[in-house]
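Visitor: Below are the structure tokens for one structure; questions will follow.
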Amino acid sequence: MQHSWQRYADEHIRTVDTMSAVLLFAMFLFGSELNVPRGPGPDAVAPTIALATVSCAALFWQRSRPRAVVAVTAVAAAGAAALGCLLTPLMLGPLMLALYRLAVLTRRRTARRYFLASVVLLVTTATLVDPVHHPWPFKTVGPAAWLLLPVVAGNALRLRDAYLEAVQARAEYAERSREEEARHRVAEERMRIARELHDVVAHHLALAHAQAGTAAHLARTHPDHVQKILTELAGTTSSALREMKGTVGLLRRADDPGAPLAPSPGLAQLAELTGAFATAGLAVTVTTEGERRPLSAGVDLTAYRIVQEALTNVSKHATTGSAQVRLRYSHDRLTVTVSDDGPGAATVPAPPPGQGFGLIGMRERARSVGGALRAGHRVGGGFEVTTELPLYPSALEPEERTP
């Protein structure tokens, strides 16, 4: 019921203001006839009607000019008090409505000032100019109490509306934050899948290309070796298809978006990786320094993918048949270095616009697990990629964890 009336009042403002003005006009006239028991009443009908008309007509501007309406209704109420009318809520109705609207539309300080000014005007007028000589409580305490009520109610409504607006603003901000976080997560997932696809496709295609070229060359000189290389080529393409299927399959897992990649290789498969490059004509030497430590799944996958991408770059760009992979374990990090001895200028040529995402992807991978990556030409020739990956406490042996 309250919501229906509020909706009607918001949709029919002019009608509500007209009804209020008419009702208060009747109340003003009826209140002018009231008086204390056995006391003389005012004898000024025409001026009272004129004051009621001016006071109620001013209410049509209570929403657009609330300060002026308070001033007009306060002067009209003071005029009625000077005529000897008793200042009851019936007489003060237009002024009370004007003060209520002022408290709703303006700051609390403004409403307080106009309230005090109205009380001073009415009390002073009723005390100094009172032809009927009403008792002093009716001229002082009564008007002040009645005028205080609309000011308090208006301030309460304004504060409630401000609170509801603040709650709505916070809800909208939270909704926008959730949408932005969702978009950010989608972008991160797209970047992660793009890196996986790039690593899988670039590595296996480069390896398959090298194996096919070797098979074509040996077909003329050593045809007995071609069958073995073609078998390795079939294994390379099958591995590429499996990894691409596992990576793209993430896009279809609506019920489990956080599932790990399938398969999820790591440094344990490093021998298989170097063996595949060996069939393509790239001899890879792997050395390990320090005591091996268990790696978290993310760091293990990152280290493997960086070695894979770096060796793929060597196979594609470097005019050399060998590469070195060095794994150095320390207390809190793993350092992976991939280097070759080819000519420095020919190792990684300047990529054309829109290409050359290998190094970018490796850096993004290293940063995603809290590591860092450096890549550049070596002084004596060749190219070197070095990455440092953290060994998180959760990946350490229980007896090695810091208490």
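Ligands are numbered from 1 in the order shown, residues from 1 within each chain, and chains are lettered A, B, ... in the order they appear in the structure tokens.
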Please provide as a count of residues only all residues within 7 Å of Leu102 in chain A, with the sequence filter that same-chain residues fewer than 2 positions apart are discarded (counting only C-alpha atoms).

Guide: 9

Visitor: Env of Glu384 in chain A: 6 Å cut, atoms = only C-alpha atoms, seq-sep filter 6 positions within chain, self excluded. Answer as JSON, numbers by chain.

Guide: {"A": [338, 339, 375, 376]}

Visitor: Can I get the selection written as a tab-separated table (two decimals), in the first residue's frame, with all heavy atoms?

Guide:
```tsv
chain	number	residue	atom	x	y	z
A	338	VAL	N	69.35	-22.31	-21.68
A	338	VAL	CA	69.40	-22.98	-22.97
A	338	VAL	C	70.26	-22.12	-23.88
A	338	VAL	O	69.97	-20.94	-24.09
A	338	VAL	CB	68.00	-23.17	-23.58
A	338	VAL	CG1	68.09	-23.89	-24.92
A	338	VAL	CG2	67.11	-23.95	-22.63
A	339	SER	N	71.32	-22.69	-24.43
A	339	SER	CA	72.25	-21.92	-25.25
A	339	SER	C	72.67	-22.74	-26.45
A	339	SER	O	72.54	-23.97	-26.47
A	339	SER	CB	73.47	-21.50	-24.43
A	339	SER	OG	74.13	-22.65	-23.91
A	375	ALA	N	67.05	-13.12	-22.32
A	375	ALA	CA	67.43	-13.73	-23.59
A	375	ALA	C	68.27	-12.73	-24.37
A	375	ALA	O	67.98	-11.53	-24.37
A	375	ALA	CB	66.20	-14.15	-24.40
A	376	GLY	N	69.31	-13.23	-25.03
A	376	GLY	CA	70.15	-12.35	-25.81
A	376	GLY	C	71.31	-13.10	-26.44
A	376	GLY	O	71.53	-14.29	-26.19
```

Visitor: Quote the spacing between CA of Glu388 in chain A and CA of Thr274 in chain A in Å to one decimal place.

Guide: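 According to the coordinates, CA of Glu388 in chain A and CA of Thr274 in chain A are separated by 20.8 Å.
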
Visitor: Residues at most 6 Å from range 291-307 of chain A, counting only C-alpha atoms, excluding those fewer than 2 positions away in the same chain, as a ChimeraX atom specification?

Guide: /A:265-267,309-310,362,395

Visitor: List the neighbours of Lys139 in chain A out to 7 Å using only C-alpha atoms; skip same-chain residues closer than 2 positions along the sequence, and give me the result as an mmCIF file with N, CA, C and O atoms, in the first residue's frame.

Guide:
```
data_model
loop_
_atom_site.group_PDB
_atom_site.id
_atom_site.type_symbol
_atom_site.label_atom_id
_atom_site.label_comp_id
_atom_site.auth_asym_id
_atom_site.auth_seq_id
_atom_site.Cartn_x
_atom_site.Cartn_y
_atom_site.Cartn_z
ATOM 1 N N LEU A 87 -2.046 29.368 17.284
ATOM 2 C CA LEU A 87 -1.090 28.670 16.426
ATOM 3 C C LEU A 87 -1.141 27.172 16.701
ATOM 4 O O LEU A 87 -0.325 26.610 17.432
ATOM 5 N N VAL A 123 7.108 33.149 17.329
ATOM 6 C CA VAL A 123 7.070 33.399 18.772
ATOM 7 C C VAL A 123 7.096 34.888 19.068
ATOM 8 O O VAL A 123 6.357 35.396 19.924
ATOM 9 N N ALA A 126 3.636 36.335 17.970
ATOM 10 C CA ALA A 126 2.554 35.927 18.866
ATOM 11 C C ALA A 126 2.704 36.508 20.262
ATOM 12 O O ALA A 126 1.709 36.707 20.976
ATOM 13 N N THR A 127 3.937 36.806 20.688
ATOM 14 C CA THR A 127 4.155 37.349 22.029
ATOM 15 C C THR A 127 3.907 38.853 22.066
ATOM 16 O O THR A 127 3.268 39.382 22.992
ATOM 17 N N PRO A 135 -2.523 32.098 26.305
ATOM 18 C CA PRO A 135 -1.500 31.708 27.289
ATOM 19 C C PRO A 135 -0.135 31.527 26.589
ATOM 20 O O PRO A 135 -0.052 31.098 25.440
ATOM 21 N N TRP A 136 0.944 31.820 27.312
ATOM 22 C CA TRP A 136 2.274 31.837 26.685
ATOM 23 C C TRP A 136 2.724 30.475 26.154
ATOM 24 O O TRP A 136 3.451 30.435 25.140
ATOM 25 N N PRO A 137 2.331 29.319 26.778
ATOM 26 C CA PRO A 137 2.773 28.053 26.147
ATOM 27 C C PRO A 137 2.231 27.876 24.736
ATOM 28 O O PRO A 137 2.888 27.279 23.881
ATOM 29 N N VAL A 141 6.045 27.359 23.216
ATOM 30 C CA VAL A 141 6.389 25.939 23.158
ATOM 31 C C VAL A 141 5.623 25.217 22.054
ATOM 32 O O VAL A 141 6.196 24.399 21.308
ATOM 33 N N GLY A 142 4.349 25.527 21.919
ATOM 34 C CA GLY A 142 3.528 24.853 20.910
ATOM 35 C C GLY A 142 4.051 25.023 19.494
ATOM 36 O O GLY A 142 4.321 24.029 18.793
ATOM 37 N N PRO A 143 4.221 26.257 19.004
ATOM 38 C CA PRO A 143 4.722 26.439 17.630
ATOM 39 C C PRO A 143 6.101 25.806 17.402
ATOM 40 O O PRO A 143 6.344 25.203 16.350
#
```

Visitor: What lies within 8 Å of Leu90 in chain A using only C-alpha atoms, ignoring chain neighbours under 6 positions off, as a PyMOL selection string?

Guide: chain A and resi 24+27-28+30-31

Visitor: How far is it from CA of Thr125 in chain A to CA of Phe138 in chain A, in Å with one decimal?

Guide: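 Distance between the two atoms: 12.5 Å.
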
Visitor: Between CA of Arg365 in chain A and CA of Thr288 in chain A, what is the spacing in Å?

Guide: 21.8 Å

Visitor: Can you pull out every residue within 9 Å of Arg333 in chain A, counting only C-alpha atoms, but drop anything in the same chain fewer than 4 positions away, and send it as number ranges by chain?

Guide: A: 328-329, 371, 388-392

Visitor: Dump C-alpha atoms for the selected residues as a tab-separated table (two decimals), in the first residue's frame?

Guide:
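The file below, part_18.tsv, is the result:
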```
chain	number	residue	atom	x	y	z
A	328	ARG	CA	70.86	-25.42	-11.69
A	329	TYR	CA	69.00	-26.03	-8.42
A	371	GLY	CA	60.01	-15.91	-12.20
A	388	GLU	CA	64.89	-18.19	-12.93
A	389	LEU	CA	61.84	-19.87	-11.42
A	390	PRO	CA	60.99	-19.88	-7.70
A	391	LEU	CA	60.71	-23.06	-5.69
A	392	TYR	CA	57.64	-22.36	-3.56
```
